[in-house]
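Asker: Structure: final-v6.txt, compact mmCIF, C-alpha atoms.
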```
# COMPACT_ATOMS: atom_id res chain seq x y z
CA MET A 1 -17.84 -61.46 -19.37
CA LEU A 2 -19.94 -64.39 -20.47
CA GLY A 3 -18.16 -67.44 -21.79
CA PRO A 4 -14.43 -68.19 -21.62
CA ASP A 5 -12.00 -65.74 -20.09
CA VAL A 6 -9.16 -63.97 -21.84
CA ALA A 7 -6.61 -66.78 -21.43
CA TRP A 8 -8.64 -68.97 -23.79
CA TYR A 9 -8.63 -66.28 -26.47
CA LEU A 10 -4.88 -65.93 -26.10
CA ILE A 11 -4.35 -69.68 -26.48
CA VAL A 12 -6.37 -69.72 -29.71
CA ALA A 13 -4.41 -66.68 -30.92
CA ALA A 14 -1.10 -68.40 -30.15
CA PHE A 15 -2.12 -71.54 -32.03
CA LEU A 16 -3.30 -69.53 -35.04
CA PHE A 17 -0.07 -67.56 -35.06
CA ALA A 18 1.93 -70.80 -35.07
CA ILE A 19 -0.24 -72.24 -37.87
CA GLY A 20 0.32 -69.08 -39.92
CA THR A 21 4.07 -69.25 -39.29
CA ALA A 22 4.15 -72.86 -40.44
CA GLY A 23 2.29 -71.85 -43.61
CA VAL A 24 4.69 -68.99 -44.36
CA LEU A 25 7.69 -71.26 -43.87
CA LEU A 26 6.35 -74.41 -45.54
CA ARG A 27 4.47 -73.28 -48.62
CA ARG A 28 6.10 -72.33 -51.92
CA SER A 29 3.34 -70.46 -53.68
CA PRO A 30 3.59 -66.75 -52.80
CA LEU A 31 -0.22 -66.57 -52.89
CA ILE A 32 -0.51 -69.04 -50.04
CA VAL A 33 2.35 -67.37 -48.18
CA LEU A 34 0.26 -64.17 -48.30
CA LEU A 35 -2.83 -66.04 -47.09
CA SER A 36 -0.83 -67.49 -44.18
CA LEU A 37 0.42 -64.01 -43.34
CA GLU A 38 -3.20 -62.93 -43.05
CA ILE A 39 -3.75 -65.68 -40.48
CA MET A 40 -0.80 -64.40 -38.46
CA LEU A 41 -2.10 -60.82 -38.56
CA ASN A 42 -5.54 -61.98 -37.48
CA ALA A 43 -4.10 -63.97 -34.61
CA ALA A 44 -2.39 -60.79 -33.42
CA ASN A 45 -5.70 -58.95 -33.78
CA LEU A 46 -7.44 -61.57 -31.67
CA ALA A 47 -4.87 -61.11 -28.91
CA LEU A 48 -5.23 -57.31 -29.11
CA ILE A 49 -9.00 -57.52 -28.78
CA ALA A 50 -8.79 -60.00 -25.91
CA PHE A 51 -6.47 -57.62 -24.05
CA ALA A 52 -8.73 -54.67 -24.85
CA ARG A 53 -11.56 -56.58 -23.17
CA LEU A 54 -9.33 -57.54 -20.24
CA HIS A 55 -8.38 -53.96 -19.46
CA GLY A 56 -11.68 -52.40 -20.50
CA ASP A 57 -9.69 -50.06 -22.75
CA HIS A 58 -10.52 -49.30 -26.37
CA ALA A 59 -6.90 -48.78 -27.43
CA GLY A 60 -6.52 -52.45 -28.35
CA GLN A 61 -9.53 -52.31 -30.66
CA ILE A 62 -8.24 -49.15 -32.32
CA PHE A 63 -4.90 -50.88 -32.83
CA ALA A 64 -6.69 -53.90 -34.32
CA LEU A 65 -8.41 -51.63 -36.85
CA ALA A 66 -5.05 -50.06 -37.76
CA VAL A 67 -3.63 -53.58 -38.23
CA MET A 68 -6.51 -54.34 -40.60
CA ALA A 69 -5.67 -51.27 -42.68
CA VAL A 70 -2.00 -52.28 -42.81
CA ALA A 71 -3.03 -55.82 -43.80
CA ALA A 72 -5.15 -54.44 -46.64
CA SER A 73 -2.19 -52.37 -47.87
CA GLU A 74 0.09 -55.37 -47.61
CA VAL A 75 -2.30 -57.45 -49.70
CA VAL A 76 -2.47 -54.75 -52.39
CA VAL A 77 1.31 -54.53 -52.71
CA GLY A 78 1.81 -58.29 -52.39
CA LEU A 79 -0.77 -59.14 -55.03
CA GLY A 80 0.65 -56.40 -57.28
CA LEU A 81 4.06 -58.03 -57.00
CA ILE A 82 2.65 -61.49 -57.69
CA VAL A 83 0.80 -60.27 -60.79
CA ALA A 84 3.97 -58.51 -61.99
CA ILE A 85 5.97 -61.71 -61.45
CA ALA A 86 3.38 -63.79 -63.28
CA ARG A 87 3.35 -61.35 -66.21
CA ARG A 88 7.07 -61.84 -66.67
CA LYS A 89 6.36 -65.54 -66.96
CA LEU A 90 8.47 -66.39 -63.92
CA ASP A 91 7.64 -69.34 -61.71
CA LEU A 92 5.38 -68.53 -58.78
CA ASP A 93 7.66 -70.34 -56.36
CA VAL A 94 9.35 -68.57 -53.47
CA ASP A 95 12.24 -71.05 -53.56
CA ARG A 96 13.11 -70.06 -57.12
CA LEU A 97 12.48 -66.32 -56.90
CA ARG A 98 15.86 -65.22 -55.61
CA VAL A 99 16.41 -61.77 -57.08
CA LEU A 100 14.23 -58.68 -57.00
CA ARG A 101 15.83 -57.22 -60.13
CA GLY A 102 13.36 -57.28 -63.03
CA MET B 1 -27.95 -70.84 -19.50
CA GLY B 2 -26.69 -67.78 -21.34
CA ASN B 3 -23.18 -68.56 -20.24
CA PHE B 4 -23.45 -72.14 -21.52
CA LEU B 5 -24.69 -70.93 -24.91
CA VAL B 6 -21.78 -68.46 -25.18
CA TRP B 7 -19.33 -71.25 -24.36
CA VAL B 8 -20.81 -73.46 -27.09
CA ILE B 9 -20.64 -70.69 -29.70
CA TRP B 10 -17.14 -69.78 -28.59
CA LEU B 11 -15.89 -73.36 -28.86
CA LEU B 12 -17.48 -73.77 -32.29
CA ALA B 13 -15.91 -70.52 -33.52
CA ALA B 14 -12.50 -71.40 -32.09
CA ALA B 15 -12.62 -74.87 -33.68
CA ALA B 16 -13.67 -73.34 -37.02
CA CYS B 17 -10.82 -70.83 -36.69
CA LEU B 18 -8.15 -73.46 -36.08
CA GLY B 19 -9.59 -75.92 -38.61
CA SER B 20 -9.83 -73.40 -41.43
CA GLY B 21 -6.37 -72.10 -40.51
CA LEU B 22 -4.96 -75.59 -40.96
CA ALA B 23 -6.89 -75.88 -44.22
CA VAL B 24 -5.34 -72.66 -45.56
CA VAL B 25 -1.87 -73.98 -44.76
CA SER B 26 -2.44 -77.46 -46.17
CA LEU B 27 -4.75 -77.07 -49.20
CA ARG B 28 -2.85 -77.24 -52.45
CA THR B 29 -5.11 -75.10 -54.65
CA PRO B 30 -4.82 -71.37 -53.87
CA PHE B 31 -8.52 -70.89 -54.67
CA PHE B 32 -9.63 -73.35 -51.98
CA ALA B 33 -7.07 -71.96 -49.56
CA ALA B 34 -8.54 -68.48 -50.08
CA LEU B 35 -12.06 -69.82 -49.49
CA ALA B 36 -10.83 -71.46 -46.26
CA LEU B 37 -9.34 -68.12 -45.22
CA ILE B 38 -12.74 -66.46 -45.69
CA GLY B 39 -14.15 -69.02 -43.25
CA ASN B 40 -11.25 -68.30 -40.91
CA LEU B 41 -11.95 -64.56 -40.99
CA GLY B 42 -15.65 -65.15 -40.36
CA ALA B 43 -14.88 -67.33 -37.34
CA HIS B 44 -12.52 -64.59 -36.12
CA ALA B 45 -15.39 -62.11 -36.38
CA VAL B 46 -17.50 -64.34 -34.11
CA LEU B 47 -14.70 -64.43 -31.53
CA PHE B 48 -14.34 -60.63 -31.76
CA LEU B 49 -18.07 -60.27 -31.16
CA LEU B 50 -17.90 -62.49 -28.07
CA ALA B 51 -15.06 -60.30 -26.73
CA SER B 52 -17.42 -57.30 -27.10
CA ALA B 53 -15.63 -55.78 -30.09
CA GLU B 54 -18.73 -55.15 -32.18
CA PHE B 55 -17.31 -52.59 -34.57
CA VAL B 56 -14.12 -54.55 -35.22
CA ALA B 57 -16.19 -57.67 -35.95
CA ALA B 58 -18.32 -55.76 -38.45
CA ALA B 59 -15.24 -54.23 -40.08
CA GLN B 60 -13.64 -57.67 -40.20
CA VAL B 61 -16.53 -59.09 -42.21
CA LEU B 62 -16.97 -56.05 -44.47
CA VAL B 63 -13.38 -55.09 -45.16
CA TYR B 64 -11.48 -58.34 -44.70
CA ALA B 65 -13.78 -61.21 -45.61
CA GLY B 66 -15.46 -58.93 -48.14
CA ALA B 67 -13.17 -56.52 -49.95
CA VAL B 68 -9.70 -57.96 -49.35
CA MET B 69 -10.66 -61.56 -50.04
CA VAL B 70 -12.60 -60.66 -53.19
CA MET B 71 -9.41 -58.99 -54.43
CA PHE B 72 -7.51 -62.17 -53.56
CA LEU B 73 -9.97 -64.40 -55.41
CA PHE B 74 -9.90 -62.01 -58.37
CA VAL B 75 -6.12 -62.25 -58.65
CA ILE B 76 -6.20 -66.03 -58.23
CA ALA B 77 -8.76 -66.27 -61.04
CA TYR B 78 -6.63 -63.93 -63.17
CA LEU B 79 -3.52 -66.04 -62.70
CA GLY B 80 -5.31 -69.26 -63.58
CA ASP B 81 -4.52 -72.64 -62.10
CA ARG B 82 -1.38 -72.30 -60.02
CA SER B 83 -1.71 -75.32 -57.77
CA GLU B 84 1.56 -76.43 -56.31
CA THR B 85 2.58 -79.54 -58.16
CA GLU B 86 4.36 -80.86 -55.12
CA GLY B 87 3.41 -80.19 -51.53
CA PRO B 88 6.03 -79.77 -48.82
CA PHE B 89 5.83 -83.46 -47.96
CA THR B 90 5.41 -85.08 -51.39
CA ALA B 91 9.00 -86.16 -51.75
CA GLY B 92 9.08 -87.45 -48.20
CA PRO B 93 9.58 -85.13 -45.24
CA SER B 94 12.58 -82.94 -46.07
CA TRP B 95 14.70 -81.36 -43.39
CA LEU B 96 13.49 -77.94 -44.53
CA ALA B 97 9.85 -78.86 -43.90
CA TRP B 98 10.71 -80.36 -40.53
CA SER B 99 12.68 -77.34 -39.43
CA ALA B 100 9.78 -75.10 -40.47
CA ILE B 101 7.45 -77.13 -38.24
CA VAL B 102 9.98 -77.08 -35.40
CA ALA B 103 10.30 -73.29 -35.74
CA ALA B 104 6.52 -72.80 -35.68
CA THR B 105 6.17 -75.08 -32.65
CA ALA B 106 8.99 -73.26 -30.86
CA LEU B 107 7.18 -69.97 -31.50
CA LEU B 108 3.96 -71.44 -30.08
CA VAL B 109 5.71 -72.69 -26.95
CA GLU B 110 7.47 -69.36 -26.46
CA VAL B 111 4.24 -67.38 -26.75
CA VAL B 112 2.36 -69.66 -24.36
CA VAL B 113 5.20 -69.65 -21.81
CA VAL B 114 5.58 -65.87 -21.91
CA ILE B 115 1.85 -65.32 -21.53
CA GLY B 116 1.70 -67.86 -18.70
CA LEU B 117 4.67 -66.33 -16.86
CA LYS B 118 3.91 -62.67 -17.35
CA ALA B 119 0.15 -62.52 -17.25
CA GLY B 120 -1.00 -65.84 -15.86
CA ASP B 121 -2.58 -64.50 -12.68
CA GLY B 122 -3.94 -61.23 -14.03
CA LEU B 123 -5.92 -62.82 -16.85
CA ALA B 124 -8.86 -63.92 -14.72
CA ASP B 125 -9.97 -60.56 -13.32
CA GLU B 126 -11.42 -58.66 -16.23
CA ALA B 127 -12.50 -55.07 -16.12
CA THR B 128 -16.24 -54.56 -16.05
CA VAL B 129 -17.41 -52.72 -19.11
CA ASP B 130 -20.76 -51.16 -19.91
CA ARG B 131 -22.86 -51.84 -22.98
CA SER B 132 -21.27 -49.08 -25.04
CA PHE B 133 -17.86 -50.85 -25.03
CA GLY B 134 -16.72 -51.47 -28.61
CA THR B 135 -19.76 -49.94 -30.31
CA PRO B 136 -19.27 -47.98 -33.56
CA ALA B 137 -20.19 -44.75 -31.77
CA GLU B 138 -17.50 -45.23 -29.13
CA ILE B 139 -14.80 -46.31 -31.63
CA GLY B 140 -15.68 -43.44 -33.96
CA ARG B 141 -15.49 -40.92 -31.13
CA LEU B 142 -12.06 -42.22 -30.09
CA PHE B 143 -10.78 -42.18 -33.66
CA LEU B 144 -11.65 -38.50 -33.96
CA THR B 145 -10.40 -37.49 -30.51
CA ASP B 146 -7.77 -39.56 -28.67
CA HIS B 147 -6.49 -41.56 -31.64
CA LEU B 148 -6.71 -38.94 -34.39
CA LEU B 149 -3.02 -39.31 -35.29
CA ALA B 150 -3.37 -43.09 -35.76
CA PHE B 151 -6.42 -42.46 -37.94
CA GLU B 152 -4.58 -40.01 -40.19
CA ILE B 153 -1.49 -42.20 -40.44
CA THR B 154 -3.71 -45.11 -41.46
CA SER B 155 -5.18 -43.05 -44.28
CA ILE B 156 -1.69 -42.15 -45.52
CA VAL B 157 -0.65 -45.83 -45.39
CA LEU B 158 -3.67 -46.75 -47.52
CA LEU B 159 -2.89 -43.95 -49.98
CA VAL B 160 0.72 -45.09 -50.34
CA ALA B 161 -0.43 -48.69 -50.85
CA ALA B 162 -2.87 -47.56 -53.55
CA ILE B 163 -0.11 -45.66 -55.35
CA GLY B 164 2.18 -48.68 -55.04
CA GLY B 165 -0.52 -50.93 -56.46
CA VAL B 166 -0.96 -48.64 -59.46
CA ILE B 167 2.80 -48.46 -60.08
CA LEU B 168 3.18 -52.23 -59.84
CA GLY B 169 0.16 -52.78 -62.06
CA THR B 170 1.14 -50.38 -64.83
CA ARG B 171 2.93 -51.98 -67.73
CA SER B 172 6.33 -50.44 -68.22
CA ARG B 173 7.40 -49.30 -71.69
CA ALA B 174 10.39 -51.66 -71.70
CA GLU B 175 8.04 -54.52 -71.00
CA ASP B 176 5.80 -53.54 -73.92
CA GLU B 177 8.75 -53.32 -76.32
CA GLU B 178 10.05 -56.64 -75.12
CA GLU B 179 6.70 -58.22 -75.79
CA ALA B 180 6.44 -56.62 -79.23
CA ALA B 181 9.91 -57.94 -80.11
CA HIS B 182 8.85 -61.32 -78.86
CA ALA B 183 5.74 -61.22 -81.06
CA ARG B 184 7.77 -60.26 -84.16
CA ALA B 185 10.30 -63.00 -83.68
```
Would you mind writing the structure in this file as structure tokens?

Answerer:
Amino acid sequence: MLGPDVAWYLIVAAFLFAIGTAGVLLRRSPLIVLLSLEIMLNAANLALIAFARLHGDHAGQIFALAVMAVAASEVVVGLGLIVAIARRKLDLDVDRLRVLRG
Amino acid sequence: MGNFLVWVIWLLAAAACLGSGLAVVSLRTPFFAALALIGNLGAHAVLFLLASAEFVAAAQVLVYAGAVMVMFLFVIAYLGDRSETEGPFTAGPSWLAWSAIVAATALLVEVVVVIGLKAGDGLADEATVDRSFGTPAEIGRLFLTDHLLAFEITSIVLLVAAIGGVILGTRSRAEDEEEAAHARA
């Protein structure tokens, strides 16, 4: 293939995954935790697509599309929870949200 | 010449990916963080395209950078200004923040070491693929033949998520009464 080989893609994916992990662990706003989760999912997608190209097999791309659907579902449920939390006038701070009971 | 151009585009996209990723993690306003994530997803789409995943790149832009992120921005606008008043490092580096960074770095090192040990030699010899690799026609054919089960399960996952979103979004009766009592008081 033209351009860099698969190892380069994997390195970028690894760095993005680590950045996303740092965001999930460091940030307090659940909105930004969700955004960081998206980075982690996309890093995994990048690795899947790089491996699909390496093996010349479409399964990795199919898996990446399934991951995108799961990510969309996760965003729907996550944002629904955040809106529900905000409507109860609770702090949007993952350090203070300790119980799930309404 | 073509190879050089691909390298340049690849490096730009990778730098944009990492830079906007760092921006998402470090920007304090959720709105700007979401905008940075849109840039991140777009740069991802470029990388997908260079790895001959045309359909996934298109879906990434349409579904992810389009639909999902618009929903994100909509919710952020609905919630109003929710900037974090204090970042993780405002009150000096706490041990929690440091251990988060150590954990993320450990994960990075683990991933790189495992990839290097397990696949280091095999990564250079790629399979040769023809022009139809990753096209919408090919992906669509596979979704309706070899990967039909994955396709159907995905649709059920989306349906369940939609139902969950509706349930979470509906105001409960107890909540309404509580609010009415609050208004009377």

Asker: If we count all atoms listed in the file and set the cut-off at 12 Å, which residues sit around Val67 of chain A, ignoring sequence neighbours fewer than 2 positions away in its own chain? Please answer as a ChimeraX atom specification.

Answerer: /A:38,40-46,48-49,60-65,69-74 /B:56,59-60,64,150-151,153-154,157-158

Asker: Given the choices B:Ile115, B:Ala104, B:Ser132, B:Ala16, which gets closest to chain A if the distance is worked out from all atoms listed in the file?

Answerer: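 The shortest atom-to-atom distance to chain A comes from B:Ala104.
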
Asker: What is the distance between atom CA of Gly164 of chain B and atom CA of Val24 of chain B, in Å to one decimal?

Answerer: 26.9 Å

Asker: Residues of chain A within 8 Å of chain B, counting only C-alpha atoms - could you list those as a ChimeraX atom specification?

Answerer: /A:1-7,11-12,14-23,25-29,31-32,35-36,39,42,46,49-50,53-56,58,61-62,64-66,68-70,72-77,79-81,83-84,86,92

Asker: Given only C-alpha atoms as the basis, pick out the residue of A:Ala13, A:Pro30, A:Gly78, A:Val24 nearest to Leu97 of chain A.

Answerer: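 Using only C-alpha atoms, Leu97 of chain A sits closest to A:Pro30.
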
Asker: What is the distance, in Å and to one decimal place, between atom CA of Ala137 of chain B and atom CA of Val61 of chain B?

Answerer: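 Answer for the atom CA of Ala137 of chain B to atom CA of Val61 of chain B separation: 18.1 Å.
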
Asker: For atom CA of Ala183 of chain B and atom CA of Ala77 of chain B, quote the distance in Å rounded to one decimal.

Answerer: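 According to the coordinates, atom CA of Ala183 of chain B and atom CA of Ala77 of chain B are separated by 25.2 Å.
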
Asker: Using 8 Å of padding on each side, determine the axis-aligned box around all atoms of segment 58-70 of chain B present in the file and give its centre and edge lengths in Å to one decimal, as JSON.

Answerer:
```
{"center_x": -14.0, "center_y": -57.9, "center_z": -45.8, "size_x": 24.6, "size_y": 23.3, "size_z": 30.7}
```

Asker: Because some atoms of segment 12-40 of chain A are absent here, can you restore N, CA and C atoms and send them as an mmCIF file, keeping the file's coordinate frame?

Answerer:
```
data_model
loop_
_atom_site.group_PDB
_atom_site.id
_atom_site.type_symbol
_atom_site.label_atom_id
_atom_site.label_comp_id
_atom_site.auth_asym_id
_atom_site.auth_seq_id
_atom_site.Cartn_x
_atom_site.Cartn_y
_atom_site.Cartn_z
ATOM 1 N N VAL A 12 -5.971 -69.566 -28.302
ATOM 2 C CA VAL A 12 -6.370 -69.720 -29.710
ATOM 3 C C VAL A 12 -5.496 -68.827 -30.589
ATOM 4 N N ALA A 13 -5.243 -67.596 -30.132
ATOM 5 C CA ALA A 13 -4.410 -66.680 -30.920
ATOM 6 C C ALA A 13 -3.016 -67.246 -31.110
ATOM 7 N N ALA A 14 -2.453 -67.838 -30.042
ATOM 8 C CA ALA A 14 -1.100 -68.400 -30.150
ATOM 9 C C ALA A 14 -1.069 -69.542 -31.150
ATOM 10 N N PHE A 15 -2.089 -70.422 -31.084
ATOM 11 C CA PHE A 15 -2.120 -71.540 -32.030
ATOM 12 C C PHE A 15 -2.246 -71.045 -33.460
ATOM 13 N N LEU A 16 -3.129 -70.042 -33.678
ATOM 14 C CA LEU A 16 -3.300 -69.530 -35.040
ATOM 15 C C LEU A 16 -2.013 -68.899 -35.548
ATOM 16 N N PHE A 17 -1.315 -68.193 -34.646
ATOM 17 C CA PHE A 17 -0.070 -67.560 -35.060
ATOM 18 C C PHE A 17 0.932 -68.624 -35.492
ATOM 19 N N ALA A 18 0.991 -69.724 -34.720
ATOM 20 C CA ALA A 18 1.930 -70.800 -35.070
ATOM 21 C C ALA A 18 1.526 -71.449 -36.391
ATOM 22 N N ILE A 19 0.218 -71.646 -36.605
ATOM 23 C CA ILE A 19 -0.240 -72.240 -37.870
ATOM 24 C C ILE A 19 0.166 -71.339 -39.040
ATOM 25 N N GLY A 20 -0.054 -70.021 -38.863
ATOM 26 C CA GLY A 20 0.320 -69.080 -39.920
ATOM 27 C C GLY A 20 1.815 -69.111 -40.190
ATOM 28 N N THR A 21 2.621 -69.171 -39.110
ATOM 29 C CA THR A 21 4.070 -69.250 -39.290
ATOM 30 C C THR A 21 4.450 -70.484 -40.087
ATOM 31 N N ALA A 22 3.848 -71.619 -39.717
ATOM 32 C CA ALA A 22 4.150 -72.860 -40.440
ATOM 33 C C ALA A 22 3.803 -72.698 -41.909
ATOM 34 N N GLY A 23 2.664 -72.046 -42.203
ATOM 35 C CA GLY A 23 2.290 -71.850 -43.610
ATOM 36 C C GLY A 23 3.297 -70.990 -44.346
ATOM 37 N N VAL A 24 3.726 -69.881 -43.703
ATOM 38 C CA VAL A 24 4.690 -68.990 -44.360
ATOM 39 C C VAL A 24 5.981 -69.738 -44.655
ATOM 40 N N LEU A 25 6.408 -70.591 -43.697
ATOM 41 C CA LEU A 25 7.690 -71.260 -43.870
ATOM 42 C C LEU A 25 7.594 -72.457 -44.816
ATOM 43 N N LEU A 26 6.442 -73.144 -44.808
ATOM 44 C CA LEU A 26 6.350 -74.410 -45.540
ATOM 45 C C LEU A 26 5.976 -74.224 -47.012
ATOM 46 N N ARG A 27 5.055 -73.306 -47.293
ATOM 47 C CA ARG A 27 4.470 -73.280 -48.620
ATOM 48 C C ARG A 27 5.360 -72.559 -49.606
ATOM 49 N N ARG A 28 5.240 -72.922 -50.880
ATOM 50 C CA ARG A 28 6.100 -72.330 -51.920
ATOM 51 C C ARG A 28 5.383 -71.281 -52.721
ATOM 52 N N SER A 29 4.075 -71.428 -52.871
ATOM 53 C CA SER A 29 3.340 -70.460 -53.680
ATOM 54 C C SER A 29 3.232 -69.138 -52.917
ATOM 55 N N PRO A 30 3.678 -68.021 -53.513
ATOM 56 C CA PRO A 30 3.590 -66.750 -52.800
ATOM 57 C C PRO A 30 2.160 -66.366 -52.454
ATOM 58 N N LEU A 31 1.184 -66.854 -53.229
ATOM 59 C CA LEU A 31 -0.220 -66.570 -52.890
ATOM 60 C C LEU A 31 -0.559 -67.158 -51.528
ATOM 61 N N ILE A 32 -0.139 -68.393 -51.302
ATOM 62 C CA ILE A 32 -0.510 -69.040 -50.040
ATOM 63 C C ILE A 32 0.333 -68.494 -48.899
ATOM 64 N N VAL A 33 1.564 -68.033 -49.216
ATOM 65 C CA VAL A 33 2.350 -67.370 -48.180
ATOM 66 C C VAL A 33 1.611 -66.112 -47.714
ATOM 67 N N LEU A 34 1.037 -65.355 -48.667
ATOM 68 C CA LEU A 34 0.260 -64.170 -48.300
ATOM 69 C C LEU A 34 -0.959 -64.548 -47.455
ATOM 70 N N LEU A 35 -1.652 -65.615 -47.849
ATOM 71 C CA LEU A 35 -2.830 -66.040 -47.090
ATOM 72 C C LEU A 35 -2.425 -66.427 -45.658
ATOM 73 N N SER A 36 -1.281 -67.107 -45.517
ATOM 74 C CA SER A 36 -0.830 -67.490 -44.180
ATOM 75 C C SER A 36 -0.458 -66.275 -43.353
ATOM 76 N N LEU A 37 0.118 -65.267 -44.031
ATOM 77 C CA LEU A 37 0.420 -64.010 -43.340
ATOM 78 C C LEU A 37 -0.834 -63.380 -42.776
ATOM 79 N N GLU A 38 -1.938 -63.484 -43.540
ATOM 80 C CA GLU A 38 -3.200 -62.930 -43.050
ATOM 81 C C GLU A 38 -3.628 -63.642 -41.763
ATOM 82 N N ILE A 39 -3.397 -64.955 -41.719
ATOM 83 C CA ILE A 39 -3.750 -65.680 -40.480
ATOM 84 C C ILE A 39 -2.940 -65.155 -39.310
ATOM 85 N N MET A 40 -1.637 -64.897 -39.551
ATOM 86 C CA MET A 40 -0.800 -64.400 -38.460
ATOM 87 C C MET A 40 -1.289 -63.030 -37.980
#
```
